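structure.pdb follows (PDB, C-alpha atoms and all ligand atoms):
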```pdb
ATOM      1  CA  MET A   1      88.070  -9.125 101.015
ATOM      2  CA  ARG A   2      89.468 -12.648 101.305
ATOM      3  CA  LYS A   3      90.095 -14.160 104.726
ATOM      4  CA  SER A   4      93.687 -13.583 105.959
ATOM      5  CA  ARG A   5      96.058 -16.488 105.529
ATOM      6  CA  ARG A   6      97.242 -18.308 108.629
ATOM      7  CA  ILE A   7     100.890 -19.320 108.749
ATOM      8  CA  ALA A   8     102.386 -21.347 111.600
ATOM      9  CA  VAL A   9     106.128 -21.272 112.265
ATOM     10  CA  PHE A  10     108.186 -23.222 114.779
ATOM     11  CA  ASP A  11     111.696 -23.628 116.046
ATOM     12  CA  SER A  12     113.446 -24.847 119.187
ATOM     13  CA  GLY A  13     113.607 -21.258 120.436
ATOM     14  CA  PHE A  14     114.499 -17.838 119.074
ATOM     15  CA  GLY A  15     116.187 -18.919 115.827
ATOM     16  CA  GLY A  16     112.967 -19.209 113.850
ATOM     17  CA  LEU A  17     112.334 -15.530 114.505
ATOM     18  CA  THR A  18     114.839 -14.842 111.720
ATOM     19  CA  VAL A  19     112.451 -16.652 109.365
ATOM     20  CA  LEU A  20     109.336 -15.116 110.907
ATOM     21  CA  ALA A  21     110.717 -11.590 110.399
ATOM     22  CA  GLU A  22     111.262 -12.236 106.692
ATOM     23  CA  LEU A  23     107.857 -13.906 106.314
ATOM     24  CA  GLN A  24     106.186 -10.917 107.893
ATOM     25  CA  ARG A  25     108.065  -8.469 105.666
ATOM     26  CA  THR A  26     107.045 -10.436 102.565
ATOM     27  CA  LEU A  27     103.490 -11.258 103.692
ATOM     28  CA  PRO A  28     102.342  -8.428 105.965
ATOM     29  CA  THR A  29      98.649  -9.329 105.662
ATOM     30  CA  ALA A  30      98.998 -12.909 106.927
ATOM     31  CA  ASN A  31      98.363 -13.959 110.520
ATOM     32  CA  PHE A  32     101.311 -15.745 112.092
ATOM     33  CA  TYR A  33     101.530 -18.286 114.918
ATOM     34  CA  TYR A  34     105.072 -18.666 116.223
ATOM     35  CA  LEU A  35     106.088 -21.456 118.578
ATOM     36  CA  GLY A  36     109.527 -21.384 120.250
ATOM     37  CA  ASP A  37     110.189 -24.573 122.219
ATOM     38  CA  SER A  38     112.823 -22.876 124.402
ATOM     39  CA  ALA A  39     112.295 -25.293 127.293
ATOM     40  CA  ARG A  40     113.824 -28.085 125.213
ATOM     41  CA  ALA A  41     116.393 -26.089 123.204
ATOM     42  CA  PRO A  42     118.873 -26.895 121.890
ATOM     43  CA  TYR A  43     117.428 -29.585 119.658
ATOM     44  CA  GLY A  44     120.664 -30.014 117.753
ATOM     45  CA  THR A  45     122.472 -31.914 120.483
ATOM     46  CA  LYS A  46     119.679 -34.525 120.774
ATOM     47  CA  GLY A  47     119.309 -37.808 118.895
ATOM     48  CA  PRO A  48     117.189 -38.234 115.735
ATOM     49  CA  GLU A  49     114.254 -39.936 117.488
ATOM     50  CA  THR A  50     113.941 -37.224 120.098
ATOM     51  CA  ILE A  51     114.189 -34.500 117.455
ATOM     52  CA  ALA A  52     111.496 -36.173 115.340
ATOM     53  CA  ARG A  53     109.207 -36.459 118.380
ATOM     54  CA  TYR A  54     109.722 -32.777 119.226
ATOM     55  CA  GLY A  55     108.856 -31.966 115.612
ATOM     56  CA  ARG A  56     105.653 -34.038 115.785
ATOM     57  CA  GLU A  57     104.640 -32.320 119.014
ATOM     58  CA  CYS A  58     105.251 -28.853 117.572
ATOM     59  CA  VAL A  59     103.186 -29.681 114.476
ATOM     60  CA  ALA A  60     100.378 -31.166 116.595
ATOM     61  CA  PHE A  61     100.283 -28.059 118.767
ATOM     62  CA  LEU A  62     100.280 -25.650 115.835
ATOM     63  CA  MET A  63      97.473 -27.530 114.091
ATOM     64  CA  ARG A  64      95.219 -26.172 116.844
ATOM     65  CA  CYS A  65      95.768 -22.716 115.303
ATOM     66  CA  ASP A  66      94.139 -23.967 112.086
ATOM     67  CA  PRO A  67      97.030 -22.914 109.805
ATOM     68  CA  ASP A  68      97.020 -22.980 105.992
ATOM     69  CA  LEU A  69     100.671 -23.974 106.069
ATOM     70  CA  ILE A  70     103.453 -24.749 108.561
ATOM     71  CA  VAL A  71     107.032 -23.496 108.240
ATOM     72  CA  VAL A  72     109.559 -25.731 109.975
ATOM     73  CA  ALA A  73     111.939 -22.860 110.773
ATOM     74  CA  CYS A  74     114.470 -25.269 112.201
ATOM     75  CA  ASN A  75     117.205 -26.939 110.183
ATOM     76  CA  THR A  76     117.623 -29.642 112.792
ATOM     77  CA  VAL A  77     114.019 -30.822 112.491
ATOM     78  CA  SER A  78     114.033 -30.220 108.716
ATOM     79  CA  SER A  79     117.137 -32.337 108.190
ATOM     80  CA  ILE A  80     115.903 -35.236 110.329
ATOM     81  CA  ALA A  81     112.128 -35.368 110.064
ATOM     82  CA  LEU A  82     110.710 -33.214 107.260
ATOM     83  CA  GLU A  83     109.539 -36.221 105.269
ATOM     84  CA  GLU A  84     107.849 -37.826 108.271
ATOM     85  CA  LEU A  85     106.181 -34.572 109.327
ATOM     86  CA  THR A  86     105.013 -33.867 105.783
ATOM     87  CA  ALA A  87     103.410 -37.314 105.626
ATOM     88  CA  LEU A  88     101.458 -36.801 108.836
ATOM     89  CA  SER A  89     100.560 -33.118 108.490
ATOM     90  CA  PRO A  90      97.116 -32.260 107.100
ATOM     91  CA  VAL A  91      98.513 -28.960 105.721
ATOM     92  CA  PRO A  92     101.614 -28.289 103.567
ATOM     93  CA  LEU A  93     104.976 -27.995 105.327
ATOM     94  CA  ILE A  94     108.039 -26.038 104.221
ATOM     95  CA  GLY A  95     111.480 -26.800 105.635
ATOM     96  CA  THR A  96     114.766 -24.928 105.498
ATOM     97  CA  ILE A  97     117.249 -27.159 103.702
ATOM     98  CA  GLU A  98     116.195 -26.984 100.062
ATOM     99  CA  PRO A  99     115.556 -23.235  99.991
ATOM    100  CA  ALA A 100     118.980 -22.570 101.568
ATOM    101  CA  ILE A 101     120.755 -24.905  99.135
ATOM    102  CA  ASP A 102     119.088 -23.263  96.131
ATOM    103  CA  VAL A 103     120.262 -19.799  97.221
ATOM    104  CA  ALA A 104     123.779 -21.091  97.953
ATOM    105  CA  LEU A 105     124.078 -22.743  94.544
ATOM    106  CA  ARG A 106     123.035 -19.513  92.814
ATOM    107  CA  ARG A 107     125.516 -17.429  94.808
ATOM    108  CA  SER A 108     128.616 -19.620  94.660
ATOM    109  CA  THR A 109     131.193 -18.684  92.064
ATOM    110  CA  ARG A 110     133.716 -21.489  92.597
ATOM    111  CA  GLY A 111     131.577 -24.304  94.013
ATOM    112  CA  ARG A 112     133.356 -24.261  97.383
ATOM    113  CA  PHE A 113     130.823 -24.393 100.207
ATOM    114  CA  GLY A 114     130.997 -24.186 103.963
ATOM    115  CA  VAL A 115     127.970 -25.467 105.860
ATOM    116  CA  LEU A 116     127.470 -24.562 109.520
ATOM    117  CA  GLY A 117     124.823 -26.274 111.585
ATOM    118  CA  THR A 118     123.945 -28.103 114.745
ATOM    119  CA  ARG A 119     125.536 -31.460 115.428
ATOM    120  CA  ALA A 120     122.338 -33.262 114.387
ATOM    121  CA  THR A 121     121.993 -31.310 111.126
ATOM    122  CA  ILE A 122     125.594 -31.899 110.098
ATOM    123  CA  SER A 123     125.492 -35.604 111.097
ATOM    124  CA  SER A 124     122.342 -36.097 109.012
ATOM    125  CA  GLY A 125     124.345 -35.156 105.908
ATOM    126  CA  ALA A 126     121.266 -33.391 104.487
ATOM    127  CA  TYR A 127     123.167 -30.324 103.263
ATOM    128  CA  GLN A 128     126.180 -32.244 102.038
ATOM    129  CA  LYS A 129     124.013 -34.661  99.992
ATOM    130  CA  GLY A 130     121.710 -31.898  98.770
ATOM    131  CA  ILE A 131     124.565 -29.718  97.488
ATOM    132  CA  GLU A 132     126.487 -32.607  95.941
ATOM    133  CA  SER A 133     123.404 -33.933  94.133
ATOM    134  CA  LYS A 134     122.631 -30.542  92.603
ATOM    135  CA  ARG A 135     126.244 -29.602  91.883
ATOM    136  CA  PRO A 136     128.340 -32.736  91.382
ATOM    137  CA  GLY A 137     131.994 -32.226  92.256
ATOM    138  CA  ALA A 138     131.275 -29.372  94.676
ATOM    139  CA  TYR A 139     133.589 -29.039  97.666
ATOM    140  CA  VAL A 140     131.589 -29.080 100.920
ATOM    141  CA  HIS A 141     133.169 -28.380 104.298
ATOM    142  CA  ALA A 142     130.468 -29.026 106.913
ATOM    143  CA  VAL A 143     131.041 -28.045 110.542
ATOM    144  CA  PRO A 144     128.895 -28.544 113.640
ATOM    145  CA  CYS A 145     128.877 -25.474 115.902
ATOM    146  CA  PRO A 146     127.042 -26.703 119.034
ATOM    147  CA  LEU A 147     127.863 -23.670 121.198
ATOM    148  CA  PHE A 148     126.178 -21.164 118.867
ATOM    149  CA  VAL A 149     122.559 -21.971 119.793
ATOM    150  CA  PRO A 150     123.050 -21.651 123.577
ATOM    151  CA  LEU A 151     124.911 -18.368 122.989
ATOM    152  CA  VAL A 152     121.943 -16.996 121.018
ATOM    153  CA  GLU A 153     119.406 -18.325 123.526
ATOM    154  CA  GLU A 154     121.366 -16.427 126.201
ATOM    155  CA  GLY A 155     121.316 -13.254 124.114
ATOM    156  CA  LEU A 156     125.125 -13.383 123.723
ATOM    157  CA  THR A 157     125.164 -12.616 120.020
ATOM    158  CA  ASP A 158     128.117 -10.256 119.751
ATOM    159  CA  CYS A 159     130.609 -10.460 122.597
ATOM    160  CA  LYS A 160     134.116 -11.784 123.293
ATOM    161  CA  VAL A 161     132.907 -15.308 124.073
ATOM    162  CA  THR A 162     130.976 -15.436 120.793
ATOM    163  CA  ALA A 163     133.956 -14.138 118.813
ATOM    164  CA  GLU A 164     136.142 -16.837 120.359
ATOM    165  CA  ALA A 165     133.600 -19.592 119.586
ATOM    166  CA  VAL A 166     133.362 -18.311 116.008
ATOM    167  CA  ARG A 167     137.129 -18.432 115.589
ATOM    168  CA  MET A 168     137.418 -21.873 117.168
ATOM    169  CA  TYR A 169     134.791 -23.482 114.907
ATOM    170  CA  LEU A 170     135.326 -21.560 111.711
ATOM    171  CA  GLN A 171     139.048 -20.958 111.194
ATOM    172  CA  PRO A 172     139.371 -24.332 109.371
ATOM    173  CA  VAL A 173     136.441 -23.351 107.126
ATOM    174  CA  VAL A 174     138.165 -20.118 106.092
ATOM    175  CA  ASP A 175     141.457 -21.945 105.635
ATOM    176  CA  SER A 176     139.820 -24.401 103.234
ATOM    177  CA  GLY A 177     139.063 -21.556 100.802
ATOM    178  CA  VAL A 178     135.270 -21.613 100.655
ATOM    179  CA  ASP A 179     133.466 -18.889  98.707
ATOM    180  CA  THR A 180     129.962 -19.486 100.100
ATOM    181  CA  VAL A 181     128.913 -20.393 103.642
ATOM    182  CA  VAL A 182     125.427 -21.676 104.424
ATOM    183  CA  LEU A 183     124.107 -20.695 107.849
ATOM    184  CA  GLY A 184     122.411 -24.055 108.279
ATOM    185  CA  CYS A 185     120.676 -23.154 111.533
ATOM    186  CA  THR A 186     118.062 -20.452 111.900
ATOM    187  CA  HIS A 187     119.725 -19.221 115.081
ATOM    188  CA  TYR A 188     122.904 -18.281 113.231
ATOM    189  CA  PRO A 189     121.658 -15.145 111.425
ATOM    190  CA  LEU A 190     121.367 -13.651 114.908
ATOM    191  CA  LEU A 191     125.181 -13.968 115.033
ATOM    192  CA  LEU A 192     125.608 -12.149 111.713
ATOM    193  CA  PRO A 193     127.704  -9.229 113.003
ATOM    194  CA  ALA A 194     130.265 -11.647 114.479
ATOM    195  CA  LEU A 195     130.130 -13.992 111.464
ATOM    196  CA  SER A 196     130.405 -11.238 108.836
ATOM    197  CA  ARG A 197     133.350  -9.687 110.648
ATOM    198  CA  PHE A 198     135.068 -13.054 110.784
ATOM    199  CA  PHE A 199     134.472 -14.126 107.161
ATOM    200  CA  GLY A 200     134.881 -10.698 105.541
ATOM    201  CA  SER A 201     133.266  -9.567 102.320
ATOM    202  CA  ASP A 202     134.775 -12.210  99.987
ATOM    203  CA  VAL A 203     132.633 -14.999 101.430
ATOM    204  CA  ALA A 204     128.858 -15.023 100.783
ATOM    205  CA  LEU A 205     126.847 -15.876 103.918
ATOM    206  CA  ILE A 206     123.591 -17.633 103.010
ATOM    207  CA  GLN A 207     120.410 -17.778 105.053
ATOM    208  CA  CYS A 208     117.188 -19.459 104.042
ATOM    209  CA  SER A 209     114.589 -16.951 105.237
ATOM    210  CA  LYS A 210     113.988 -14.921 102.054
ATOM    211  CA  ALA A 211     113.760 -18.035  99.895
ATOM    212  CA  ILE A 212     111.264 -19.573 102.329
ATOM    213  CA  ALA A 213     109.141 -16.408 102.396
ATOM    214  CA  ASP A 214     109.013 -16.298  98.584
ATOM    215  CA  ARG A 215     107.982 -19.964  98.454
ATOM    216  CA  VAL A 216     105.235 -19.458 101.019
ATOM    217  CA  ALA A 217     103.894 -16.442  99.100
ATOM    218  CA  GLU A 218     103.847 -18.505  95.929
ATOM    219  CA  MET A 219     102.157 -21.490  97.577
ATOM    220  CA  LEU A 220      99.467 -19.458  99.280
ATOM    221  CA  ARG A 221      99.094 -17.084  96.330
ATOM    222  CA  ILE A 222      98.715 -14.090  98.583
ATOM    223  CA  GLY A 223      97.507 -11.273  96.385
ATOM    224  CA  SER A 224      96.721  -7.596  96.561
ATOM    225  CA  GLU A 225      93.067  -8.158  97.504
ATOM    226  CA  GLU A 226      94.092  -8.642 101.125
ATOM    227  CA  VAL A 227      94.664  -5.262 102.675
ATOM    228  CA  SER A 228      94.405  -5.436 106.452
ATOM    229  CA  ALA A 229      97.639  -5.983 108.395
ATOM    230  CA  GLY A 230      98.042  -9.395 109.984
ATOM    231  CA  GLU A 231      98.888 -10.247 113.572
ATOM    232  CA  ILE A 232     101.462 -12.476 115.250
ATOM    233  CA  SER A 233     100.644 -14.805 118.149
ATOM    234  CA  PHE A 234     103.629 -16.118 120.087
ATOM    235  CA  PHE A 235     103.830 -19.344 122.092
ATOM    236  CA  THR A 236     106.721 -20.510 124.220
ATOM    237  CA  THR A 237     107.333 -23.569 126.380
ATOM    238  CA  ASP A 238     109.581 -21.709 128.839
ATOM    239  CA  ASP A 239     109.863 -18.482 130.840
ATOM    240  CA  VAL A 240     107.419 -16.061 129.179
ATOM    241  CA  GLU A 241     109.072 -12.858 130.390
ATOM    242  CA  ARG A 242     112.432 -13.897 129.048
ATOM    243  CA  PHE A 243     110.892 -14.936 125.738
ATOM    244  CA  ASN A 244     109.102 -11.588 125.425
ATOM    245  CA  LEU A 245     112.233  -9.626 126.211
ATOM    246  CA  LEU A 246     114.671 -11.485 123.959
ATOM    247  CA  GLY A 247     112.048 -12.083 121.255
ATOM    248  CA  SER A 248     111.338  -8.375 121.036
ATOM    249  CA  TYR A 249     115.070  -7.633 120.949
ATOM    250  CA  PHE A 250     115.663 -10.116 118.103
ATOM    251  CA  LEU A 251     112.664  -8.774 116.160
ATOM    252  CA  GLY A 252     113.982  -5.222 116.314
ATOM    253  CA  GLY A 253     111.588  -3.924 118.958
ATOM    254  CA  VAL A 254     108.318  -5.591 117.887
ATOM    255  CA  ARG A 255     106.132  -6.065 120.979
ATOM    256  CA  VAL A 256     106.100  -9.729 121.958
ATOM    257  CA  SER A 257     103.528 -11.086 124.366
ATOM    258  CA  ALA A 258     103.832 -14.855 124.395
ATOM    259  CA  GLU A 259     101.539 -17.464 125.867
ATOM    260  CA  LEU A 260     103.082 -20.297 127.895
ATOM    261  CA  VAL A 261     102.204 -23.726 126.476
ATOM    262  CA  ARG A 262     103.087 -27.376 127.133
ATOM    263  CA  LEU A 263     103.745 -29.702 124.236
ATOM    264  CA  ASP A 264     104.772 -32.998 125.763
ATOM    265  CA  SER A 265     102.824 -35.549 127.669
ATOM    266  CA  GLY A 266     104.861 -35.272 130.846
ATOM    267  CA  HIS A 267     108.355 -36.277 129.748
ATOM    268  CA  THR A 268     110.835 -34.147 127.848
TER     269      THR A 268
HETATM  270  N1  LIG B 301     117.354 -23.168 115.043
HETATM  271  C1  LIG B 301     117.366 -24.560 114.888
HETATM  272  C2  LIG B 301     118.056 -25.004 113.631
HETATM  273  O1  LIG B 301     117.875 -24.324 112.640
HETATM  274  C3  LIG B 301     117.546 -25.388 116.119
HETATM  275  C4  LIG B 301     118.833 -25.312 116.801
HETATM  276  C5  LIG B 301     118.868 -26.101 118.079
HETATM  277  O2  LIG B 301     117.908 -26.028 118.856
HETATM  278  O3  LIG B 301     119.862 -26.787 118.325
HETATM  279  O4  LIG B 301     118.719 -25.995 113.562
END
```

With the file now loaded, output its structure as C-alpha cells.
Ligand code: DGL
Amino acid sequence: MRKSRRIAVFDSGFGGLTVLAELQRTLPTANFYYLGDSARAPYGTKGPETIARYGRECVAFLMRCDPDLIVVACNTVSSIALEELTALSPVPLIGTIEPAIDVALRRSTRGRFGVLGTRATISSGAYQKGIESKRPGAYVHAVPCPLFVPLVEEGLTDCKVTAEAVRMYLQPVVDSGVDTVVLGCTHYPLLLPALSRFFGSDVALIQCSKAIADRVAEMLRIGSEEVSAGEISFFTTDDVERFNLLGSYFLGGVRVSAELVRLDSGHT
C-alpha cells in the first residue's frame, strides 16, 4: 500500500473548513493538516502587505507538516499573494480564485455575475479580471461584505443580524439582475441558509470547494490502492476550546481537537 498523501490547508479561521470538508469527502484516505489563524482574522480588512505576510507565515508553519501540497483555502490570500507564495513554496499550491471562476462560467446562463468577497479580495480585482478575461463582455457586480467573516467567526450564521447584513450588502446585487453569484470567501458557504433564502432558486450560488478537491485529486493522482482512512490534524492560533467547539459544529459534528500554535515572530 502506498503512503497516504499529506494535504495542508489554511485560512484565517473557520472558513477554510468548507474546503476541508469537501477535500475529505473526495479524498478520504489522505491525511489533512488544517490551520485556522483565528487570532488574526479577519484577513480581509487588512492591507496587501500584511495579508501576504500572514500567507507566508501560514505556508512556513504548514511546511513543518511535510505536505505534498498546500491548499490556500482563503480567497483573500489567494487574490493578493498566490503568485508570491507559489514562487517560495517547495510544494505545489492551489488557491481559490481560478477554480471558483471556472465553475461560475460553466453555470452562468446570461453572463451576469455577482461576486461577494472581503474588502481586500474585491479591491484586488482578481475575480473581476479573471471573469472578464475568460468571458469578455460579462457583467460583473462585485461587492465587499466585511461583516460576514466576523459573523461566521462568532457562530452567527443564521440569525436576524445576519439576515439584515445580507439584505444591506446584497439587495443591489439582486437588483442588478445577476444569474450567478460567486461566494468569493470561504467563510460564506457557512452562511448558505441565509444567502439561499435571500437569492432564491433563480440565482446560482457558486463555491470553490468541489472544484478545488477535484483538482487536488488530479494533481496527487490518489488512486484506489490507498485504503486506510486518513486523519485530520487541526491547528489554531487562538482559543483552542472555542475552535474545537465551533470547528466541530461547522464540520457537522466531526470531533475537533486543535493544537495551539504561534505563527508570527512577536508582532501581529
Ligand atoms: N475565508 C477567507 C477568504 O476566503 C478569509 C476571510 C477573512 O479573514 O477576512 O477570503

> Got a sec: who's within 8 Å of A:Val178, counting only C-alpha atoms, leaving out chain neighbours fewer than 2 positions off, as a list of chain:residue names?
Replying inline: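 Counting only C-alpha atoms, the residues come to A:Arg112, A:Phe113, A:Gly114, A:His141, A:Val173, A:Val174, A:Asp175, A:Ser176, A:Thr180, A:Val181, A:Val203.
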
> At what distance in Å, to one decimal, does atom CA of A:Ala213 lie from atom CA of A:Ala142?
Replying inline: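 Atom CA of A:Ala142 sits 25.2 Å away from atom CA of A:Ala213.
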
>> Applying 8 Å and all atoms listed in the file, which residues near A:Ile51 remain after dropping the ones on its own chain fewer than 6 positions away? List them as a PyMOL selection string.
In response: chain A and resi 43-44+76-77+80-81

> Quick one: residues within 7 Å of A:Val256, only C-alpha atoms counted, chain neighbours fewer than 5 positions away excluded, as a ChimeraX atom specification?
Replying inline: /A:244,247-248

Go ahead and save the picked residues with C-alpha atoms, as a PDB file, keeping the file's coordinate frame.
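Saved file part32.pdb follows:
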```pdb
ATOM      1  CA  ASN A 244     109.102 -11.588 125.425  1.00  0.00           C
ATOM      2  CA  GLY A 247     112.048 -12.083 121.255  1.00  0.00           C
ATOM      3  CA  SER A 248     111.338  -8.375 121.036  1.00  0.00           C
TER       4      SER A 248
END
```

I need the output of the PyMOL selection byres (((chain A and resi 131) around 9) and not hetatm) for this file as a compact mmCIF listing (two decimals) with C-alpha atoms, in the frame of the given file; which residues are they?
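Generated output (expr-v2.txt):
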```txt
# COMPACT_ATOMS: atom_id res chain seq x y z
CA ILE A 101 120.76 -24.90 99.14
CA ASP A 102 119.09 -23.26 96.13
CA ALA A 104 123.78 -21.09 97.95
CA LEU A 105 124.08 -22.74 94.54
CA PHE A 113 130.82 -24.39 100.21
CA ALA A 126 121.27 -33.39 104.49
CA TYR A 127 123.17 -30.32 103.26
CA GLN A 128 126.18 -32.24 102.04
CA LYS A 129 124.01 -34.66 99.99
CA GLY A 130 121.71 -31.90 98.77
CA GLU A 132 126.49 -32.61 95.94
CA SER A 133 123.40 -33.93 94.13
CA LYS A 134 122.63 -30.54 92.60
CA ARG A 135 126.24 -29.60 91.88
CA PRO A 136 128.34 -32.74 91.38
CA ALA A 138 131.28 -29.37 94.68
CA VAL A 140 131.59 -29.08 100.92
```

Within 9 Å of ligand LIG 301 (chain B) (all atoms listed in the file), residues as a CSV table (one decimal) with C-alpha atoms, in the coordinates of the input:
```
chain,number,residue,atom,x,y,z
A,11,ASP,CA,111.7,-23.6,116.0
A,12,SER,CA,113.4,-24.8,119.2
A,13,GLY,CA,113.6,-21.3,120.4
A,14,PHE,CA,114.5,-17.8,119.1
A,15,GLY,CA,116.2,-18.9,115.8
A,16,GLY,CA,113.0,-19.2,113.8
A,37,ASP,CA,110.2,-24.6,122.2
A,38,SER,CA,112.8,-22.9,124.4
A,40,ARG,CA,113.8,-28.1,125.2
A,41,ALA,CA,116.4,-26.1,123.2
A,42,PRO,CA,118.9,-26.9,121.9
A,43,TYR,CA,117.4,-29.6,119.7
A,44,GLY,CA,120.7,-30.0,117.8
A,45,THR,CA,122.5,-31.9,120.5
A,46,LYS,CA,119.7,-34.5,120.8
A,72,VAL,CA,109.6,-25.7,110.0
A,73,ALA,CA,111.9,-22.9,110.8
A,74,CYS,CA,114.5,-25.3,112.2
A,75,ASN,CA,117.2,-26.9,110.2
A,76,THR,CA,117.6,-29.6,112.8
A,77,VAL,CA,114.0,-30.8,112.5
A,78,SER,CA,114.0,-30.2,108.7
A,79,SER,CA,117.1,-32.3,108.2
A,96,THR,CA,114.8,-24.9,105.5
A,117,GLY,CA,124.8,-26.3,111.6
A,118,THR,CA,123.9,-28.1,114.7
A,119,ARG,CA,125.5,-31.5,115.4
A,120,ALA,CA,122.3,-33.3,114.4
A,121,THR,CA,122.0,-31.3,111.1
A,146,PRO,CA,127.0,-26.7,119.0
A,148,PHE,CA,126.2,-21.2,118.9
A,149,VAL,CA,122.6,-22.0,119.8
A,150,PRO,CA,123.0,-21.7,123.6
A,183,LEU,CA,124.1,-20.7,107.8
A,184,GLY,CA,122.4,-24.1,108.3
A,185,CYS,CA,120.7,-23.2,111.5
A,186,THR,CA,118.1,-20.5,111.9
A,187,HIS,CA,119.7,-19.2,115.1
A,188,TYR,CA,122.9,-18.3,113.2
```

>> Using all atoms listed in the file, can you tell me which of A:Thr29, A:Pro99, A:Leu263, A:Thr50 comes closest to A:Arg64?
In response: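 That would be A:Leu263, the residue with the smallest distance to A:Arg64.
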
>> Give me the residues near A:Arg5 as a ChimeraX atom specification, where near means some atom within 10 Å (using all atoms listed in the file) and where sequence neighbours in that chain fewer than 2 positions away do not count.
In response: /A:2-3,7,27,29-32,67-69,220-222,226,230

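Reported to one decimal place, the separation of atom CA of A:Leu151 from atom CA of A:Gly177 is 26.5 Å.
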
>> Could you tell me, as an MDAnalysis selection string, exactly which residues end up selected when the PyMOL selection byres (((chain A and resi 194) around 12) and not hetatm) is applied to this structure?
In response: chainID A and resid 148 152 156:167 170 188:193 195:200 205

>> Just the number, please: distance in Å from atom CA of A:Gln24 to atom CA of A:Ala100, one decimal.
In response: 18.4 Å

>> From the options A:Asp179, A:Gly55, A:Arg6, A:Thr237, which residue's atoms come nearest to A:Ser201, counting all atoms listed in the file?
In response: A:Asp179

> Between A:Arg107, A:Arg242, A:Lys210, A:Arg25, which one has atoms that come closest to A:Gly155, using all atoms listed in the file?
Replying inline: A:Arg242

> Residues picked by the PyMOL selection byres (((chain A and resi 60) around 12) and not hetatm) here, as JSON, numbers by chain?
Replying inline: {"A": [8, 10, 35, 53, 54, 55, 56, 57, 58, 59, 61, 62, 63, 64, 65, 66, 67, 70, 85, 88, 89, 90, 91, 262, 263, 264]}

> With all atoms listed in the file as the atoms that count, which of A:Leu251, A:Leu260, A:Val143, A:Met219 lies nearest to A:Asp239?
Replying inline: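 Smallest separation from A:Asp239 among the options: A:Leu260.
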